[in-house]
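Undergrad: Before I ask anything, here is the structure I am working with.
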Amino acid sequence: MKLNRLALLFFFITFNSFSQSTETLKVSAQKLYEANFLMDFEAIVKLSYPSMVSSIGKEVMLEKTELHYENETYRLRYQLQSVPLQYGQIKQINGKSFCVISIRIPKRYFFETKLTSEQAAEKKVWLQEVNSTKDVTFEPNRNSFNVKKMTTYVAVWDETTNGEWKFFNFDNPEQLTAFQSIFDENVKTALGLNK
């Protein structure tokens, strides 16, 4: 009888910590999306994986993130404040927890200089390439492009994240490169990111 109680207690503790971890993951991932929507660059950096931030440099990362959203050529905005996030299974690999999150994000690029039809055609091809999507529509009256794409976040919980979920945003080439250099092929294969 005592053995059954211990097994039940172990199951309850394991289940409770897993569901708590899942809930904190969802809250943190939503905060990251909202930080991108609000262009809260400090929050984006704070929610990013610590060793990636250290290797890029916090100030450099802040500057590059801001330039990604606003520069002399265009202003980028997420169009919806809230979108559904699709969570993969939380996986334990080499003592670390990982979760792949997929998000369909509608974005709009507002260009600062009025685009000719030839320039618009060139920008459309460029936006399709940098966003890895064919779903790019030019709106001449707004001098902007509507872009719909799938984005991948990878959440990590390990000894460096101080008991919190931290993220890589694969929309950012530097973050994707950092993820690939920090984690080995086994991690990428286990998460289905080796495509």
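Ordering of the structure tokens sets the chain letters (A, B, ...), residue numbers begin anew at 1 in every chain, and ligands are numbered from 1 in the order given.
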Could you pull the residues within 8 Å of segment 60-68 of chain A, counting only C-alpha atoms, minus those fewer than 2 positions along the same chain, as a PyMOL selection string?
TA: chain A and resi 39+41-42+45+53+56-58+70-71+76
Undergrad: Those same residues - N, CA, C and O atoms - I'd like them written as a tab-separated table (two decimals), in the first residue's frame.
TA:
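Output file result_26.tsv is given in full below:
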```tsv
chain	number	residue	atom	x	y	z
A	39	MET	N	7.21	45.93	-30.59
A	39	MET	CA	8.57	46.37	-30.85
A	39	MET	C	9.27	46.76	-29.54
A	39	MET	O	9.96	47.76	-29.48
A	41	PHE	N	12.09	46.03	-27.81
A	41	PHE	CA	13.36	45.37	-28.11
A	41	PHE	C	14.06	44.86	-26.85
A	41	PHE	O	14.69	43.80	-26.88
A	42	GLU	N	13.94	45.58	-25.75
A	42	GLU	CA	14.53	45.13	-24.48
A	42	GLU	C	13.91	43.80	-24.07
A	42	GLU	O	14.60	42.88	-23.63
A	45	VAL	N	15.17	40.89	-26.24
A	45	VAL	CA	16.51	40.45	-25.83
A	45	VAL	C	16.45	39.69	-24.51
A	45	VAL	O	17.08	38.65	-24.35
A	53	VAL	N	22.71	35.81	-26.71
A	53	VAL	CA	22.78	37.25	-26.46
A	53	VAL	C	24.22	37.64	-26.12
A	53	VAL	O	24.74	38.64	-26.62
A	56	ILE	N	26.41	37.53	-29.39
A	56	ILE	CA	26.12	38.64	-30.30
A	56	ILE	C	26.46	39.97	-29.62
A	56	ILE	O	26.95	40.89	-30.26
A	57	GLY	N	26.21	40.04	-28.32
A	57	GLY	CA	26.37	41.29	-27.57
A	57	GLY	C	25.00	41.94	-27.41
A	57	GLY	O	24.29	42.14	-28.40
A	58	LYS	N	24.62	42.28	-26.17
A	58	LYS	CA	23.28	42.81	-25.93
A	58	LYS	C	23.02	44.08	-26.73
A	58	LYS	O	21.97	44.21	-27.37
A	70	GLU	N	12.79	48.94	-38.15
A	70	GLU	CA	12.73	50.30	-38.69
A	70	GLU	C	14.11	50.70	-39.18
A	70	GLU	O	15.08	50.65	-38.43
A	71	ASN	N	14.15	51.09	-40.45
A	71	ASN	CA	15.40	51.57	-41.03
A	71	ASN	C	15.07	52.60	-42.10
A	71	ASN	O	13.91	52.99	-42.24
A	76	LEU	N	8.74	47.65	-40.51
A	76	LEU	CA	8.09	46.35	-40.43
A	76	LEU	C	7.17	46.33	-39.21
A	76	LEU	O	7.57	46.75	-38.13
```
Undergrad: Based on DSSP run over this structure's backbone, return all residues of chain A in alpha helix (DSSP H), as a PyMOL selection string.
TA: chain A and resi 2-38+41-46+50-56+58-69+117-131+173-182+185-190
Undergrad: Would you list the contacts of Gln79 of chain A as a compact mmCIF listing (two decimals) with N, CA and C atoms, in the first residue's frame, taking every protein, DNA or RNA residue within 12 Å and counting only C-alpha atoms, but skipping same-chain residues closer than 6 positions in sequence?
TA:
```txt
# COMPACT_ATOMS: atom_id res chain seq x y z
N TYR A 33 6.04 36.90 -28.52
CA TYR A 33 5.28 37.37 -29.68
C TYR A 33 4.81 38.81 -29.46
N GLU A 34 4.25 39.10 -28.27
CA GLU A 34 3.76 40.44 -27.97
C GLU A 34 4.90 41.47 -28.00
N ASN A 36 7.48 41.37 -29.90
CA ASN A 36 7.72 41.64 -31.32
C ASN A 36 6.62 42.53 -31.89
N PHE A 37 5.37 42.27 -31.51
CA PHE A 37 4.25 43.10 -31.99
C PHE A 37 4.42 44.55 -31.53
N LEU A 38 4.81 44.72 -30.26
CA LEU A 38 4.95 46.06 -29.69
C LEU A 38 6.31 46.69 -29.96
N ARG A 104 1.87 31.30 -37.56
CA ARG A 104 1.58 31.94 -38.86
C ARG A 104 1.42 33.44 -38.57
N ILE A 105 2.40 34.21 -39.04
CA ILE A 105 2.44 35.64 -38.72
C ILE A 105 2.18 36.48 -39.97
N PRO A 106 1.15 37.35 -39.91
CA PRO A 106 0.99 38.33 -40.98
C PRO A 106 1.80 39.59 -40.64
N LYS A 107 2.65 40.00 -41.55
CA LYS A 107 3.49 41.18 -41.37
C LYS A 107 3.20 42.18 -42.48
N ARG A 108 3.55 43.44 -42.21
CA ARG A 108 3.44 44.45 -43.25
C ARG A 108 4.73 45.26 -43.29
N TYR A 109 5.28 45.40 -44.48
CA TYR A 109 6.46 46.23 -44.72
C TYR A 109 6.01 47.51 -45.40
N PHE A 110 6.18 48.64 -44.72
CA PHE A 110 5.86 49.96 -45.28
C PHE A 110 7.15 50.56 -45.80
N PHE A 145 3.83 46.09 -48.42
CA PHE A 145 3.65 44.68 -48.76
C PHE A 145 3.05 43.96 -47.57
N ASN A 146 2.06 43.14 -47.86
CA ASN A 146 1.47 42.25 -46.87
C ASN A 146 2.18 40.90 -47.03
N VAL A 147 2.78 40.39 -45.96
CA VAL A 147 3.53 39.13 -46.01
C VAL A 147 2.94 38.17 -44.99
N LYS A 148 2.56 36.98 -45.43
CA LYS A 148 2.10 35.93 -44.52
C LYS A 148 3.11 34.80 -44.56
```
Undergrad: Would you pick out the contacts of Ser97 of chain A at 12 Å or less, using only C-alpha atoms, so that residues sharing its chain but fewer than 4 positions from it are not included, and give the list as a list in words?
TA: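 What passes the distance filter is Phe18, Ser21, Thr22, Leu25, Gly88, Gln89, Ile90, Lys91, Gln92, Ile93, Val154, Ala155, Val156, Trp157, Asp158, Glu159, Thr160, Thr161, Gly163, Glu164, Trp165, Lys166, Phe167, Val187, Ala190 and Leu191 of chain A.
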Undergrad: Please return as a PyMOL selection string: the residues of segment 67-161 of chain A that backbone DSSP assigns to strand (DSSP E).
TA: chain A and resi 74-78+85-87+91-93+96-111+136-139+144-157
Undergrad: May I ask for the distance between atom CA of Gln86 of chain A and atom CA of Ile182 of chain A, given in Å to one decimal place?
TA: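 Straight-line distance from atom CA of Gln86 of chain A to atom CA of Ile182 of chain A works out to 24.2 Å.
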Undergrad: Mind pulling up the distance from atom CA of Ser28 of chain A to atom CA of Leu47 of chain A?
TA: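 Interatomic distance here is 7.7 Å.
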Undergrad: Determine, counting only C-alpha atoms, which protein, DNA and RNA residues have an atom within 8 Å of an atom of Met52 of chain A; residues of the same chain fewer than 3 positions away are not included. Present the result as a ChimeraX atom specification.
TA: /A:48-49,55-56,175,178-179
Undergrad: Choose the residue, out of A:Leu115, A:Cys99, A:Val83, A:Leu176, that has the smallest atom-to-atom separation from Met150 of chain A; count only C-alpha atoms.
TA: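 For Met150 of chain A, the nearest of the candidates is A:Val83.
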Undergrad: Would you mind reading off the distance between atom CA of Lys26 of chain A and atom CA of Val100 of chain A, one decimal, in Å?
TA: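 Answer for the atom CA of Lys26 of chain A to atom CA of Val100 of chain A separation: 11.7 Å.
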